[in-house]
file coords_39.cif (mmCIF, C-alpha atoms and all ligand atoms)
data_my_file
loop_
_atom_site.group_PDB
_atom_site.id
_atom_site.type_symbol
_atom_site.label_atom_id
_atom_site.label_comp_id
_atom_site.auth_asym_id
_atom_site.auth_seq_id
_atom_site.Cartn_x
_atom_site.Cartn_y
_atom_site.Cartn_z
ATOM 1 C CA MET F 1117 84.628 -40.255 213.247
ATOM 2 C CA GLN F 1118 82.414 -37.467 214.482
ATOM 3 C CA VAL F 1119 81.188 -36.910 210.925
ATOM 4 C CA LEU F 1120 80.206 -40.561 210.551
ATOM 5 C CA ALA F 1121 78.508 -40.494 213.938
ATOM 6 C CA LEU F 1122 76.556 -37.442 212.888
ATOM 7 C CA GLY F 1123 75.322 -39.169 209.750
ATOM 8 C CA LYS F 1124 74.168 -42.121 211.857
ATOM 9 C CA ALA F 1125 72.598 -39.696 214.295
ATOM 10 C CA MET F 1126 70.639 -38.048 211.499
ATOM 11 C CA ASN F 1127 69.164 -41.446 210.648
ATOM 12 C CA LYS F 1128 68.405 -41.949 214.344
ATOM 13 C CA THR F 1129 66.627 -38.597 214.400
ATOM 14 C CA VAL F 1130 64.406 -39.663 211.560
ATOM 15 C CA ARG F 1131 63.316 -42.628 213.694
ATOM 16 C CA ASP F 1132 63.284 -41.165 217.211
ATOM 17 C CA PHE F 1133 62.048 -37.651 216.703
ATOM 18 C CA GLY F 1134 59.409 -38.393 214.142
ATOM 19 C CA LEU F 1135 61.282 -36.541 211.452
ATOM 20 C CA GLY F 1136 60.581 -39.465 209.159
ATOM 21 C CA ALA F 1137 56.882 -38.942 209.597
ATOM 22 C CA THR F 1138 57.369 -35.248 209.185
ATOM 23 C CA THR F 1139 59.477 -35.846 206.155
ATOM 24 C CA ALA F 1140 57.082 -38.311 204.599
ATOM 25 C CA ALA F 1141 53.774 -36.757 205.513
ATOM 26 C CA GLY F 1142 54.745 -33.240 206.426
ATOM 27 C CA LEU F 1143 58.024 -32.019 205.118
ATOM 28 C CA TRP F 1144 57.441 -33.507 201.699
ATOM 29 C CA GLY F 1145 53.670 -33.273 201.897
ATOM 30 C CA ALA F 1146 53.698 -29.684 203.120
ATOM 31 C CA THR F 1147 56.249 -28.776 200.562
ATOM 32 C CA THR F 1148 54.837 -26.833 197.728
ATOM 33 C CA LEU F 1149 56.522 -27.836 194.558
ATOM 34 C CA SER F 1150 56.578 -25.068 192.073
ATOM 35 C CA THR F 1151 57.576 -25.005 188.478
ATOM 36 C CA LEU F 1152 57.949 -21.244 188.575
ATOM 37 C CA ASP F 1153 61.287 -20.041 187.400
ATOM 38 C CA ARG F 1154 63.600 -18.119 189.664
ATOM 39 C CA VAL F 1155 62.843 -14.442 189.914
ATOM 40 C CA PRO F 1156 65.417 -12.386 188.044
ATOM 41 C CA HIS F 1157 67.929 -10.845 190.408
ATOM 42 C CA GLU F 1158 67.137 -7.305 189.231
ATOM 43 C CA VAL F 1159 63.589 -7.397 190.646
ATOM 44 C CA ARG F 1160 64.876 -8.136 194.155
ATOM 45 C CA SER F 1161 64.673 -5.276 196.629
ATOM 46 C CA PRO F 1162 67.819 -3.166 196.868
ATOM 47 C CA SER F 1163 67.330 -3.458 200.657
ATOM 48 C CA TRP F 1164 67.780 -7.249 200.600
ATOM 49 C CA PRO F 1165 71.588 -7.251 201.110
ATOM 50 C CA ARG F 1166 71.214 -5.015 204.190
ATOM 51 C CA ILE F 1167 68.315 -7.068 205.619
ATOM 52 C CA ARG F 1168 70.230 -10.275 204.935
ATOM 53 C CA ASN F 1169 73.381 -9.012 206.636
ATOM 54 C CA ASN F 1170 71.432 -7.728 209.656
ATOM 55 C CA TYR F 1171 69.673 -11.085 209.990
ATOM 56 C CA LEU F 1172 72.965 -12.930 209.722
ATOM 57 C CA ARG F 1173 74.463 -10.746 212.476
ATOM 58 C CA SER F 1174 71.586 -11.620 214.828
ATOM 59 C CA HIS F 1175 71.374 -15.284 213.670
ATOM 60 C CA PRO F 1176 75.043 -16.146 212.965
ATOM 61 C CA VAL F 1177 74.805 -19.953 212.941
ATOM 62 C CA CYS F 1178 72.713 -22.522 211.113
ATOM 63 C CA GLU F 1179 69.472 -22.591 213.078
ATOM 64 C CA ALA F 1180 69.277 -26.365 212.625
ATOM 65 C CA CYS F 1181 72.791 -27.755 213.163
ATOM 66 C CA GLY F 1182 74.737 -24.798 214.561
ATOM 67 C CA GLN F 1183 77.283 -24.687 211.740
ATOM 68 C CA LYS F 1184 79.046 -21.313 211.590
ATOM 69 C CA ASP F 1185 80.252 -21.394 207.989
ATOM 70 C CA ASN F 1186 78.624 -21.724 204.577
ATOM 71 C CA LEU F 1187 75.430 -20.011 205.667
ATOM 72 C CA ASN F 1188 72.378 -19.022 203.672
ATOM 73 C CA VAL F 1189 69.644 -16.662 204.826
ATOM 74 C CA HIS F 1190 66.689 -18.666 203.602
ATOM 75 C CA HIS F 1191 63.217 -17.367 202.766
ATOM 76 C CA ILE F 1192 60.697 -19.767 204.308
ATOM 77 C CA ILE F 1193 58.084 -18.621 201.819
ATOM 78 C CA PRO F 1194 60.129 -18.113 198.661
ATOM 79 C CA PHE F 1195 60.348 -14.710 197.077
ATOM 80 C CA ARG F 1196 58.881 -16.123 193.855
ATOM 81 C CA ILE F 1197 55.747 -17.249 195.758
ATOM 82 C CA ASP F 1198 55.230 -14.107 197.861
ATOM 83 C CA PRO F 1199 57.499 -11.154 197.062
ATOM 84 C CA SER F 1200 55.887 -9.162 199.910
ATOM 85 C CA LYS F 1201 57.741 -11.414 202.404
ATOM 86 C CA GLU F 1202 61.175 -10.783 200.906
ATOM 87 C CA LEU F 1203 62.268 -8.411 203.681
ATOM 88 C CA ASP F 1204 60.084 -9.838 206.469
ATOM 89 C CA GLU F 1205 62.410 -11.152 209.203
ATOM 90 C CA SER F 1206 59.761 -13.611 210.376
ATOM 91 C CA ASN F 1207 60.107 -15.261 206.969
ATOM 92 C CA LEU F 1208 63.865 -15.786 207.330
ATOM 93 C CA ILE F 1209 65.963 -18.547 208.835
ATOM 94 C CA THR F 1210 69.725 -19.088 208.694
ATOM 95 C CA LEU F 1211 70.606 -22.507 207.280
ATOM 96 C CA CYS F 1212 73.942 -24.006 206.259
ATOM 97 C CA THR F 1213 74.784 -25.226 202.802
ATOM 98 C CA ASP F 1214 77.629 -27.523 203.831
ATOM 99 C CA GLY F 1215 77.467 -28.498 207.473
ATOM 100 C CA PRO F 1216 79.023 -31.325 209.501
ATOM 101 C CA GLY F 1217 78.942 -34.651 207.675
ATOM 102 C CA HIS F 1218 78.099 -32.707 204.527
ATOM 103 C CA MET F 1219 74.643 -31.891 205.818
ATOM 104 C CA ASN F 1220 72.978 -29.245 203.704
ATOM 105 C CA CYS F 1221 70.270 -27.896 205.989
ATOM 106 C CA HIS F 1222 69.283 -25.313 203.374
ATOM 107 C CA LEU F 1223 68.563 -27.948 200.734
ATOM 108 C CA VAL F 1224 67.180 -30.674 203.005
ATOM 109 C CA LEU F 1225 65.168 -28.683 205.556
ATOM 110 C CA GLY F 1226 64.477 -25.490 203.621
ATOM 111 C CA HIS F 1227 63.679 -27.072 200.289
ATOM 112 C CA ALA F 1228 62.922 -30.741 201.097
ATOM 113 C CA GLY F 1229 65.708 -31.859 198.794
ATOM 114 C CA ASN F 1230 64.606 -29.924 195.729
ATOM 115 C CA TYR F 1231 65.217 -26.214 195.254
ATOM 116 C CA LYS F 1232 61.879 -25.962 193.441
ATOM 117 C CA GLY F 1233 60.139 -26.884 196.704
ATOM 118 C CA HIS F 1234 59.885 -25.193 200.064
ATOM 119 C CA ASN F 1235 59.116 -26.390 203.575
ATOM 120 C CA GLU F 1236 56.775 -24.067 205.450
ATOM 121 C CA ARG F 1237 57.541 -26.001 208.675
ATOM 122 C CA VAL F 1238 61.298 -25.512 208.418
ATOM 123 C CA ARG F 1239 61.463 -23.846 211.868
ATOM 124 C CA GLU F 1240 59.881 -26.884 213.577
ATOM 125 C CA ASP F 1241 62.194 -29.241 211.686
ATOM 126 C CA ALA F 1242 65.248 -27.099 212.553
ATOM 127 C CA GLU F 1243 64.246 -27.263 216.252
ATOM 128 C CA ARG F 1244 64.013 -31.065 216.012
ATOM 129 C CA ILE F 1245 67.515 -31.239 214.530
ATOM 130 C CA GLN F 1246 68.801 -28.991 217.347
ATOM 131 C CA ALA F 1247 67.174 -31.253 219.954
ATOM 132 C CA MET F 1248 68.612 -34.340 218.300
ATOM 133 C CA LEU F 1249 72.117 -32.869 218.170
ATOM 134 C CA LYS F 1250 71.947 -31.913 221.864
ATOM 135 C CA SER F 1251 70.917 -35.470 222.782
ATOM 136 C CA ILE F 1252 73.677 -37.276 220.877
ATOM 137 C CA LYS F 1253 76.524 -38.848 222.801
ATOM 138 C CA PHE F 1254 79.726 -39.076 220.758
ATOM 139 C CA LYS F 1255 82.186 -41.751 221.894
HETATM 140 ZN ZN ZN R 1 72.993 -26.784 209.172
#
call {"tool": "encode", "arguments": {"input": "coords_39.cif", "output": "structure tokens", "more": "lines below"}}
Ligand SMILES: [Zn+2]
result
Amino acid sequence: MQVLALGKAMNKTVRDFGLGATTAAGLWGATTLSTLDRVPHEVRSPSWPRIRNNYLRSHPVCEACGQKDNLNVHHIIPFRIDPSKELDESNLITLCTDGPGHMNCHLVLGHAGNYKGHNERVREDAERIQAMLKSIKFK
């Protein structure tokens, strides 16, 4: 029941917190769709696993919904767009890939529903989801 309520609450958030507007005009609009292919794994910094693990230790839950499992350390500006930000902690945010009610904050908030896109305002949108989740009353 809580899962269903959460799904309904997500729809409520779209209406009440202006996420719809953000999604329509901002999240989607601000999203840069790229046709660039993924960067081959071998060109990634050898320091990335350490940086990722350190970030995950200091940010151990999805920064949108609070989920503790199925986490991804997401690059706000993708590595393929700006490799210089690969290890920059200010460019990272922890997002889940399979949260409550099958939310996928990584796909929806980080990539606006398409892994070829990215949402430069993902932190703002994650804060809105947090605020929405705190305001929900489950029966
Ligand atoms: Zn999440």
call {"tool": "axis_aligned_box", "arguments": {"input": "coords_39.cif", "around": "segment 1200-1219 of chain F", "padding_each_side": "8 Å", "output": "lines of an AutoDock Vina configuration file"}}
result
center_x = 67.5
center_y = -21.5
center_z = 205.1
size_x = 39.1
size_y = 42.2
size_z = 26.5
call {"tool": "closest_residue", "arguments": {"input": "coords_39.cif", "among": "F:Val1189, F:Ile1197, F:Met1219, F:Met1248", "to": "Gly1233 of chain F", "atoms": "all atoms listed in the file"}}
result
F:Ile1197
call {"tool": "residues_near_point", "arguments": {"input": "coords_39.cif", "point": "(77.7, -22.8, 200.8)", "cutoff": "10 Å", "atoms": "only C-alpha atoms", "output": "list in words"}}
result
Asp1185, Asn1186, Leu1187, Asn1188, Leu1211, Cys1212, Thr1213, Asp1214, Gly1215, Asn1220 and His1222 of chain F
call {"tool": "resolve_selection", "arguments": {"input": "coords_39.cif", "expression": "the PyMOL selection byres (((chain F and resi 1164) around 12) and not hetatm)", "output": "list in words"}}
result
His1157, Glu1158, Val1159, Arg1160, Ser1161, Pro1162, Ser1163, Pro1165, Arg1166, Ile1167, Arg1168, Asn1169, Asn1170, Tyr1171, Leu1172, Val1189, His1190, His1191, Phe1195, Pro1199, Lys1201, Glu1202, Leu1203, Asp1204, Glu1205 and Leu1208 of chain F
call {"tool": "write_last_selection", "arguments": {"input": "coords_39.cif", "atoms": "C-alpha atoms", "output": "short mmCIF file (atom, residue, chain, number, x, y, z; two decimals), in the coordinates of the input"}}
result
data_model
loop_
_atom_site.label_atom_id
_atom_site.label_comp_id
_atom_site.auth_asym_id
_atom_site.auth_seq_id
_atom_site.Cartn_x
_atom_site.Cartn_y
_atom_site.Cartn_z
CA HIS F 1157 67.93 -10.84 190.41
CA GLU F 1158 67.14 -7.30 189.23
CA VAL F 1159 63.59 -7.40 190.65
CA ARG F 1160 64.88 -8.14 194.16
CA SER F 1161 64.67 -5.28 196.63
CA PRO F 1162 67.82 -3.17 196.87
CA SER F 1163 67.33 -3.46 200.66
CA PRO F 1165 71.59 -7.25 201.11
CA ARG F 1166 71.21 -5.01 204.19
CA ILE F 1167 68.32 -7.07 205.62
CA ARG F 1168 70.23 -10.28 204.94
CA ASN F 1169 73.38 -9.01 206.64
CA ASN F 1170 71.43 -7.73 209.66
CA TYR F 1171 69.67 -11.08 209.99
CA LEU F 1172 72.96 -12.93 209.72
CA VAL F 1189 69.64 -16.66 204.83
CA HIS F 1190 66.69 -18.67 203.60
CA HIS F 1191 63.22 -17.37 202.77
CA PHE F 1195 60.35 -14.71 197.08
CA PRO F 1199 57.50 -11.15 197.06
CA LYS F 1201 57.74 -11.41 202.40
CA GLU F 1202 61.18 -10.78 200.91
CA LEU F 1203 62.27 -8.41 203.68
CA ASP F 1204 60.08 -9.84 206.47
CA GLU F 1205 62.41 -11.15 209.20
CA LEU F 1208 63.86 -15.79 207.33
#
call {"tool": "closest_residue", "arguments": {"input": "coords_39.cif", "among": "F:Ile1252, F:Val1238, F:Ala1180, F:Ile1245", "to": "Asn1207 of chain F", "atoms": "only C-alpha atoms"}}
result
F:Val1238
call {"tool": "atom_distance", "arguments": {"input": "coords_39.cif", "atom1": "atom CA of Leu1223 of chain F", "atom2": "atom CA of Ser1251 of chain F"}}
result
23.4 Å
call {"tool": "closest_residue", "arguments": {"input": "coords_39.cif", "among": "F:Pro1216, F:Arg1244, F:Asn1235, F:Val1224", "to": "Ile1193 of chain F", "atoms": "only C-alpha atoms"}}
result
F:Asn1235
call {"tool": "atom_distance", "arguments": {"input": "coords_39.cif", "atom1": "atom CA of Cys1221 of chain F", "atom2": "atom CA of Glu1179 of chain F"}}
result
8.9 Å
call {"tool": "atom_distance", "arguments": {"input": "coords_39.cif", "atom1": "atom CA of Lys1232 of chain F", "atom2": "atom CA of Leu1249 of chain F"}}
result
27.6 Å
call {"tool": "closest_residue", "arguments": {"input": "coords_39.cif", "among": "F:Cys1178, F:Lys1255, F:Ile1209, F:Ala1228", "to": "ligand ZN 1 (chain R)", "atoms": "all atoms listed in the file"}}
result
F:Cys1178
call {"tool": "closest_residue", "arguments": {"input": "coords_39.cif", "among": "F:Gln1246, F:Asn1230, F:Ser1200, F:Thr1210", "to": "Val1177 of chain F", "atoms": "only C-alpha atoms"}}
result
F:Thr1210
